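What follows is coords_29.cif (mmCIF, C-alpha atoms and all ligand atoms).
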data_run
loop_
_atom_site.label_atom_id
_atom_site.label_comp_id
_atom_site.auth_asym_id
_atom_site.auth_seq_id
_atom_site.Cartn_x
_atom_site.Cartn_y
_atom_site.Cartn_z
CA ALA A 1 -66.33 45.02 -71.44
CA ALA A 2 -63.17 44.54 -69.37
CA GLY A 3 -64.16 47.58 -67.28
CA VAL A 4 -67.66 46.22 -66.74
CA ALA A 5 -66.20 42.83 -65.87
CA HIS A 6 -64.07 44.48 -63.21
CA GLU A 7 -67.10 46.34 -61.81
CA ILE A 8 -68.97 43.06 -61.51
CA ASN A 9 -66.06 41.12 -60.05
CA ASN A 10 -65.70 43.51 -57.15
CA PRO A 11 -69.15 42.99 -55.54
CA ILE A 12 -69.02 39.30 -56.50
CA GLY A 13 -65.85 39.08 -54.41
CA TYR A 14 -67.39 40.37 -51.20
CA VAL A 15 -70.74 38.63 -51.77
CA SER A 16 -68.80 35.33 -51.99
CA ALA A 17 -66.76 36.11 -48.91
CA ASN A 18 -69.87 37.08 -46.95
CA LEU A 19 -71.71 33.99 -48.09
CA GLY A 20 -68.87 31.87 -46.75
CA THR A 21 -68.96 33.65 -43.38
CA LEU A 22 -72.76 33.47 -43.19
CA SER A 23 -72.67 29.73 -43.85
CA GLU A 24 -70.19 29.24 -41.04
CA TYR A 25 -72.27 31.33 -38.64
CA ALA A 26 -75.40 29.39 -39.59
CA ALA A 27 -73.59 26.11 -38.92
CA ASP A 28 -72.44 27.45 -35.54
CA LEU A 29 -75.97 28.47 -34.62
CA LEU A 30 -77.32 25.06 -35.61
CA LYS A 31 -74.68 23.45 -33.41
CA LEU A 32 -75.88 25.58 -30.52
CA VAL A 33 -79.53 24.69 -31.24
CA ALA A 34 -78.58 21.01 -31.21
CA ALA A 35 -76.99 21.46 -27.78
CA TYR A 36 -80.17 23.08 -26.48
CA GLU A 37 -82.21 20.23 -27.88
CA GLU A 38 -80.15 17.80 -25.84
CA ALA A 39 -81.10 19.80 -22.79
CA GLU A 40 -84.82 19.66 -23.53
CA ALA A 41 -85.49 16.65 -21.33
CA ALA A 42 -83.96 18.42 -18.36
CA ILE A 43 -85.87 21.64 -19.15
CA GLY A 44 -89.09 19.65 -19.41
CA SER A 45 -89.04 18.43 -15.83
CA ALA A 46 -87.90 21.75 -14.37
CA ALA A 47 -89.94 24.15 -16.53
CA PRO A 48 -92.69 22.46 -18.57
CA GLN A 49 -94.20 25.77 -19.75
CA GLN A 50 -90.91 26.96 -21.24
CA LEU A 51 -90.50 23.63 -22.97
CA ALA A 52 -93.99 23.91 -24.50
CA ALA A 53 -93.12 27.39 -25.75
CA ILE A 54 -89.86 26.13 -27.24
CA ARG A 55 -91.68 23.30 -29.00
CA ARG A 56 -94.21 25.76 -30.47
CA ILE A 57 -91.47 27.93 -31.90
CA LYS A 58 -89.71 24.85 -33.29
CA GLN A 59 -92.90 23.96 -35.11
CA ASP A 60 -93.54 27.50 -36.33
CA VAL A 61 -90.09 27.82 -37.87
CA ALA A 62 -90.16 24.20 -39.10
CA LEU A 63 -86.75 23.57 -37.60
CA ASP A 64 -86.03 20.29 -39.42
CA ALA A 65 -86.84 21.71 -42.85
CA LEU A 66 -84.91 24.86 -42.03
CA ARG A 67 -81.88 22.83 -41.03
CA SER A 68 -81.70 21.00 -44.37
CA ASP A 69 -82.68 24.10 -46.37
CA ILE A 70 -79.86 26.20 -44.98
CA ALA A 71 -77.24 23.90 -46.47
CA ASP A 72 -79.04 23.79 -49.85
CA LEU A 73 -79.45 27.57 -49.97
CA GLY A 74 -75.78 28.03 -49.25
CA SER A 75 -74.59 25.67 -51.95
CA GLU A 76 -77.12 26.91 -54.55
CA THR A 77 -76.08 30.48 -53.93
CA GLY A 78 -72.46 29.42 -54.25
CA ASP A 79 -73.21 27.75 -57.59
CA GLY A 80 -74.97 30.90 -58.81
CA LEU A 81 -71.99 33.01 -57.87
CA ALA A 82 -69.64 30.60 -59.64
CA ARG A 83 -71.75 30.94 -62.78
CA VAL A 84 -71.62 34.72 -62.67
CA ARG A 85 -67.87 34.53 -62.24
CA LYS A 86 -67.63 32.22 -65.26
CA ILE A 87 -69.74 34.55 -67.43
CA VAL A 88 -67.59 37.50 -66.44
CA GLN A 89 -64.47 35.53 -67.33
CA ASP A 90 -65.99 34.60 -70.69
CA LEU A 91 -66.84 38.22 -71.39
CA LYS A 92 -63.23 39.13 -70.69
CA ASP A 93 -61.97 36.37 -72.97
CA PHE A 94 -64.47 37.33 -75.63
CA SER A 95 -63.54 40.96 -75.82
CA HIS A 96 -59.85 40.58 -74.95
CA VAL A 97 -59.43 44.32 -74.78
CA GLY A 98 -55.95 45.30 -75.86
CA GLU A 99 -55.23 41.81 -77.10
CA SER A 100 -56.11 42.38 -80.72
CA ARG A 101 -52.75 41.03 -81.74
CA TRP A 102 -51.63 37.89 -83.43
CA GLN A 103 -51.05 35.12 -80.94
CA PHE A 104 -51.17 31.36 -80.66
CA ALA A 105 -54.51 30.30 -79.23
CA ASP A 106 -56.71 27.28 -78.69
CA LEU A 107 -59.82 27.55 -80.88
CA HIS A 108 -61.87 25.33 -78.58
CA HIS A 109 -61.43 27.84 -75.80
CA GLY A 110 -62.80 30.62 -78.03
CA ILE A 111 -65.69 28.46 -79.25
CA ASP A 112 -66.65 27.49 -75.70
CA SER A 113 -66.61 30.99 -74.27
CA THR A 114 -68.55 32.30 -77.27
CA LEU A 115 -71.13 29.55 -76.74
CA ASN A 116 -71.50 30.63 -73.13
CA ILE A 117 -72.11 34.21 -74.15
CA ALA A 118 -74.62 33.19 -76.82
CA TRP A 119 -76.30 30.72 -74.48
CA ASN A 120 -79.35 32.88 -73.75
CA GLU A 121 -80.20 32.98 -77.43
CA LEU A 122 -79.58 29.29 -77.89
CA LYS A 123 -80.79 27.47 -74.82
CA TYR A 124 -84.54 27.37 -75.52
CA LYS A 125 -84.39 25.84 -78.95
CA VAL A 126 -80.93 24.48 -79.63
CA ASP A 127 -79.08 21.39 -78.49
CA VAL A 128 -75.39 21.95 -78.96
CA ILE A 129 -73.40 18.84 -79.80
CA LYS A 130 -69.62 19.14 -79.77
CA SER A 131 -67.26 16.79 -81.44
CA TYR A 132 -63.80 18.16 -80.82
CA ALA A 133 -60.58 16.72 -82.17
CA THR A 134 -57.21 17.41 -80.59
CA LEU A 135 -56.16 20.72 -82.10
CA PRO A 136 -52.82 22.49 -82.08
CA GLU A 137 -52.87 26.15 -81.14
CA ILE A 138 -52.95 28.35 -84.20
CA GLU A 139 -51.66 31.83 -84.89
CA CYS A 140 -54.73 34.05 -84.96
CA LEU A 141 -56.65 37.03 -83.66
CA PRO A 142 -58.74 35.18 -81.07
CA SER A 143 -61.30 37.89 -80.35
CA GLU A 144 -62.01 38.34 -84.05
CA LEU A 145 -62.47 34.61 -84.55
CA ASN A 146 -64.88 34.68 -81.60
CA GLN A 147 -66.96 37.17 -83.57
CA VAL A 148 -67.04 34.72 -86.47
CA PHE A 149 -68.22 31.90 -84.19
CA MET A 150 -70.80 34.21 -82.65
CA ASN A 151 -72.21 35.15 -86.07
CA LEU A 152 -72.44 31.51 -87.11
CA PHE A 153 -74.13 30.43 -83.86
CA ILE A 154 -76.68 33.25 -83.95
CA ASN A 155 -77.45 32.66 -87.64
CA ALA A 156 -77.93 28.96 -86.91
CA ALA A 157 -80.26 29.74 -84.01
CA HIS A 158 -82.26 32.12 -86.23
CA ALA A 159 -82.58 29.40 -88.87
CA ILE A 160 -84.04 26.96 -86.33
CA LYS A 161 -87.73 27.68 -85.91
CA THR A 162 -88.74 25.63 -82.90
CA ARG A 163 -86.15 23.11 -81.84
CA GLY A 164 -82.98 21.79 -83.44
CA GLU A 165 -79.29 21.06 -83.19
CA ILE A 166 -76.05 22.87 -83.72
CA ARG A 167 -73.24 20.41 -84.22
CA ILE A 168 -69.72 21.76 -83.81
CA THR A 169 -67.01 19.55 -85.24
CA THR A 170 -63.30 20.33 -85.34
CA GLY A 171 -60.29 18.73 -86.93
CA ALA A 172 -56.73 19.28 -88.05
CA ASP A 173 -54.90 18.61 -91.30
CA VAL A 174 -51.24 19.01 -92.23
CA ASP A 175 -51.13 22.80 -92.39
CA GLY A 176 -54.30 23.96 -90.70
CA VAL A 177 -57.36 23.34 -88.57
CA TRP A 178 -61.04 23.39 -89.41
CA VAL A 179 -64.29 24.02 -87.59
CA GLU A 180 -67.69 23.03 -88.91
CA VAL A 181 -70.86 24.55 -87.56
CA ALA A 182 -73.84 22.53 -88.77
CA ASP A 183 -77.44 23.32 -87.98
CA THR A 184 -80.76 21.60 -88.55
CA GLY A 185 -82.44 24.86 -89.51
CA CYS A 186 -84.38 26.00 -92.56
CA GLY A 187 -81.41 25.88 -94.94
CA ILE A 188 -80.51 28.43 -97.60
CA ALA A 189 -82.33 28.67 -100.94
CA ASN A 190 -80.05 27.84 -103.90
CA GLU A 191 -80.53 31.28 -105.43
CA HIS A 192 -79.43 32.93 -102.17
CA LEU A 193 -76.36 30.79 -101.61
CA PRO A 194 -74.00 32.81 -103.85
CA ARG A 195 -75.05 36.03 -102.14
CA ILE A 196 -74.90 35.33 -98.41
CA PHE A 197 -71.36 36.73 -97.98
CA GLU A 198 -72.32 40.02 -99.67
CA PRO A 199 -72.54 42.96 -97.30
CA PHE A 200 -76.18 43.85 -96.57
CA PHE A 201 -77.58 40.65 -98.05
CA THR A 202 -80.25 39.50 -95.64
CA THR A 203 -83.50 37.58 -95.79
CA LYS A 204 -84.51 38.83 -92.37
CA PRO A 205 -87.20 41.44 -91.80
CA VAL A 206 -86.11 45.06 -91.57
CA GLY A 207 -84.70 45.72 -88.14
CA GLN A 208 -83.80 42.07 -87.50
CA GLY A 209 -80.76 41.67 -89.69
CA THR A 210 -78.38 44.05 -91.35
CA GLY A 211 -76.78 41.37 -93.49
CA LEU A 212 -73.32 42.15 -92.19
CA GLY A 213 -72.65 39.08 -90.07
CA LEU A 214 -71.32 36.81 -92.78
CA ALA A 215 -69.60 39.60 -94.72
CA LEU A 216 -67.66 40.46 -91.58
CA SER A 217 -66.97 36.81 -90.83
CA TYR A 218 -65.69 36.30 -94.36
CA SER A 219 -63.29 39.22 -94.12
CA ILE A 220 -61.99 38.04 -90.74
CA VAL A 221 -61.30 34.56 -92.10
CA LYS A 222 -59.65 36.07 -95.22
CA LYS A 223 -57.42 38.18 -92.98
CA HIS A 224 -56.28 34.88 -91.43
CA ASN A 225 -55.53 33.48 -94.90
CA GLY A 226 -58.26 30.96 -94.27
CA ARG A 227 -61.40 29.82 -96.04
CA LEU A 228 -65.07 30.06 -95.15
CA ASP A 229 -67.31 27.70 -97.09
CA VAL A 230 -70.96 26.83 -96.93
CA ARG A 231 -73.16 24.01 -98.06
CA SER A 232 -76.85 23.85 -97.48
CA ALA A 233 -79.87 21.71 -98.16
CA PRO A 234 -83.04 23.81 -98.04
CA GLY A 235 -85.38 22.35 -95.46
CA GLU A 236 -82.65 20.24 -93.87
CA GLY A 237 -79.92 22.52 -92.64
CA THR A 238 -76.70 24.33 -93.30
CA VAL A 239 -73.02 23.66 -92.67
CA PHE A 240 -70.42 26.42 -92.44
CA ARG A 241 -66.83 25.28 -92.56
CA ILE A 242 -63.93 27.45 -91.48
CA TRP A 243 -60.42 26.40 -92.36
CA LEU A 244 -57.48 28.30 -90.85
CA PRO A 245 -53.75 27.88 -91.39
CA LEU A 246 -51.56 26.95 -88.42
CA THR A 247 -49.33 29.98 -88.80
CA GLN A 248 -49.36 33.33 -90.59
CA GLY A 249 -46.85 34.70 -93.01
CA ALA A 250 -44.77 31.54 -93.13
CA VAL A 251 -46.10 30.60 -96.54
CA VAL A 252 -43.83 31.84 -99.30
CA ALA A 253 -45.12 31.72 -102.85
CA ALA A 254 -43.00 29.37 -104.98
N1 LIG B 1 -77.32 28.99 -90.69
C1 LIG B 1 -78.10 29.59 -91.61
N2 LIG B 1 -79.25 28.99 -92.01
C2 LIG B 1 -80.04 29.57 -92.94
N3 LIG B 1 -79.79 30.75 -93.52
C3 LIG B 1 -78.67 31.40 -93.16
C4 LIG B 1 -77.76 30.86 -92.18
N4 LIG B 1 -76.74 31.72 -92.03
C5 LIG B 1 -76.99 32.74 -92.88
N5 LIG B 1 -78.14 32.57 -93.54
C6 LIG B 1 -78.71 33.45 -94.58
O1 LIG B 1 -77.72 34.38 -94.97
C7 LIG B 1 -78.20 35.70 -94.77
C8 LIG B 1 -77.03 36.58 -94.43
O2 LIG B 1 -76.50 36.25 -93.14
P1 LIG B 1 -75.73 37.37 -92.32
O3 LIG B 1 -75.30 36.77 -91.04
O4 LIG B 1 -74.68 37.96 -93.18
O5 LIG B 1 -76.81 38.49 -92.10
P2 LIG B 1 -78.09 38.46 -91.16
O6 LIG B 1 -78.00 37.35 -90.19
O7 LIG B 1 -79.27 38.49 -92.06
O8 LIG B 1 -77.99 39.84 -90.42
P3 LIG B 1 -76.88 40.23 -89.28
O9 LIG B 1 -75.97 39.07 -89.15
O10 LIG B 1 -76.20 41.42 -89.81
O11 LIG B 1 -77.70 40.47 -88.09
C9 LIG B 1 -79.26 35.59 -93.72
O12 LIG B 1 -80.20 36.64 -93.77
C10 LIG B 1 -79.89 34.24 -94.04
O13 LIG B 1 -80.79 34.37 -95.11
MG MG B 2 -76.20 37.05 -89.07
#

Kindly return the structure encoded in the file as structure tokens.
Ligand SMILES: Nc1ncnc2c1ncn2[C@@H]1O[C@H](COP(=O)(O)OP(=O)(O)OP(=O)(O)O)[C@@H](O)[C@H]1O
Ligand SMILES: [Mg+2]
Amino acid sequence: AAGVAHEINNPIGYVSANLGTLSEYAADLLKLVAAYEEAEAAIGSAAPQQLAAIRRIKQDVALDALRSDIADLGSETGDGLARVRKIVQDLKDFSHVGESRWQFADLHHGIDSTLNIAWNELKYKVDVIKSYATLPEIECLPSELNQVFMNLFINAAHAIKTRGEIRITTGADVDGVWVEVADTGCGIANEHLPRIFEPFFTTKPVGQGTGLGLALSYSIVKKHNGRLDVRSAPGEGTVFRIWLPLTQGAVVAA
């Protein structure tokens, strides 16, 4: 993904630079047009036919609309480019190639970039509501935790049939931090609840789920000496709660 990100960044760089130059040129040309317009009265008395021709062209190209459109087009294109840049940055953060090492990281940063990557799957039916506390950085494998968040977000989106909410709440306690991902989806049947962390347990049609998402998430949280819990009310929704310790390996058994 880092390689792809680099490939995308390169053309984005010169497209942005060219857009900037084009906008300046367009502004220069409009300045020139304005100067000609000032001269129209003089042209009219000396060369009425030319003036009529100029006025026709002005109408054909809808000069006034064009003038205001040019600025809008420039800034919209700039916004689009900024979004692409952001997505590329998020992809880099998400994959963190070569950074699969323990480090202190801000969980909110990982949650936010994972949300951006999952956005296409979420945007049509999910309202995301964040309620973030102030969190200390924790010692973790950020890219692996991003996979956990991704699994939870996608599962939540799958559980929501038409329209619903994903509420992300975070908090800290004395020796750790927690993240809750709550959805207003279909919920989990009581008889399924004990099985959802089993590898290959899925209620999804063949080809739509392998049943590995939560098993993988569970093992990643375990590796962090954390906990992954669930509570669910069928028909109302589901809450996954991740708790993670602040540091690794500092806990010595008494
Ligand atoms: N938020 C949720 N709401 C309702 N049911 C859920 C939710 N999350 C998980 N489940 C249930 O737990 C099962 C296992 O989830 P898991 O993520 O492990 O596998 P999957 O989503 O079925 O497939 P995969 O993640 O491998 O694509 C799901 O099939 C679903 O029945
Ligand atoms: Mg899943």

- Query: Suppose you want the space between atom CA of Val15 of chain A and atom CA of Glu76 of chain A; what is it in Å?
  - Reply: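 Separation between atom CA of Val15 of chain A and atom CA of Glu76 of chain A: 13.6 Å.
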
- Any idea what the distance is between atom CA of Gly209 of chain A and atom O5 of ligand LIG 1 (chain B)? 5.6 Å

- Nearest to Gly185 of chain A, restricted to all atoms listed in the file and choosing among A:Val126, A:Ile12, A:Ala52, A:Ile57, comes out as A:Val126

I want to know what sits within 9 Å of Thr134 of chain A, based on all atoms listed in the file, with residues of the same chain fewer than 4 positions away left out; could you give that as a PDB file with C-alpha atoms, in the coordinates of the input?
ATOM      1  CA  THR A 170     -63.300  20.330 -85.340  1.00  0.00           C
ATOM      2  CA  GLY A 171     -60.290  18.730 -86.930  1.00  0.00           C
ATOM      3  CA  ALA A 172     -56.730  19.280 -88.050  1.00  0.00           C
TER       4      ALA A 172
END

- Which protein, DNA or RNA residues have an atom within 7 Å of ligand LIG 1 (chain B), counting all atoms listed in the file, as a PyMOL selection string? chain A and resi 151-152+155-156+159+183+185-188+196-197+199-204+208-215+237-238

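Straight-line separation from atom CA of Asp90 of chain A to atom CA of Asn116 of chain A: 7.2 Å.
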
Padded axis-aligned box of segment 45-58 of chain A (6 Å per side), centre and edge lengths, Å, one decimal, as JSON:
{"center_x": -91.1, "center_y": 23.2, "center_z": -23.8, "size_x": 18.3, "size_y": 21.5, "size_z": 30.9}

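In terms of minimum interatomic distance to Lys86 of chain A, A:Ile8 ranks closest within A:Tyr132, A:Asp106, A:Arg195, A:Ile8, counting all atoms listed in the file.
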
- Query: With all atoms listed in the file as the basis for distance, which of A:Ser113, A:Ile43, A:Ala71, A:Thr169 is at the shortest distance from Tyr25 of chain A?
  - Reply: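 The closest residue to Tyr25 of chain A is A:Ala71.
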
- Item | Of the listed residues A:Leu216, A:Ile154, A:Cys140, A:Ala133, that which approaches ligand MG 2 (chain B) most closely, counting all atoms listed in the file |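 Smallest separation from ligand MG 2 (chain B) among the options: A:Ile154.
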
- Query: Nearest to ligand MG 2 (chain B) among A:Leu63, A:Met150, A:Val33, A:Ala47, with distances taken over all atoms listed in the file: which residue is it?
  - Reply: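 Going through A:Leu63, A:Met150, A:Val33, A:Ala47 one by one, the smallest distance to ligand MG 2 (chain B) is for A:Met150.
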
- Residue contacts of segment 221-228 of chain A (9 Å, all atoms listed in the file) excluding same-chain residues fewer than 4 positions away, as a ChimeraX atom specification: /A:139-141,144-145,148,176,216-217,240-245,247-249

- Would you mind telling me which residue in A:Ser45, A:Gln103, A:Gln89, A:Ser16 lies nearest to Leu246 of chain A when using only C-alpha atoms? A:Gln103

- Item | Polymer residues at most 12 Å from (-66.8, 29.9, -48.1) by all atoms listed in the file, as a PyMOL selection string | chain A and resi 13-25+74-75+77-79+81-82
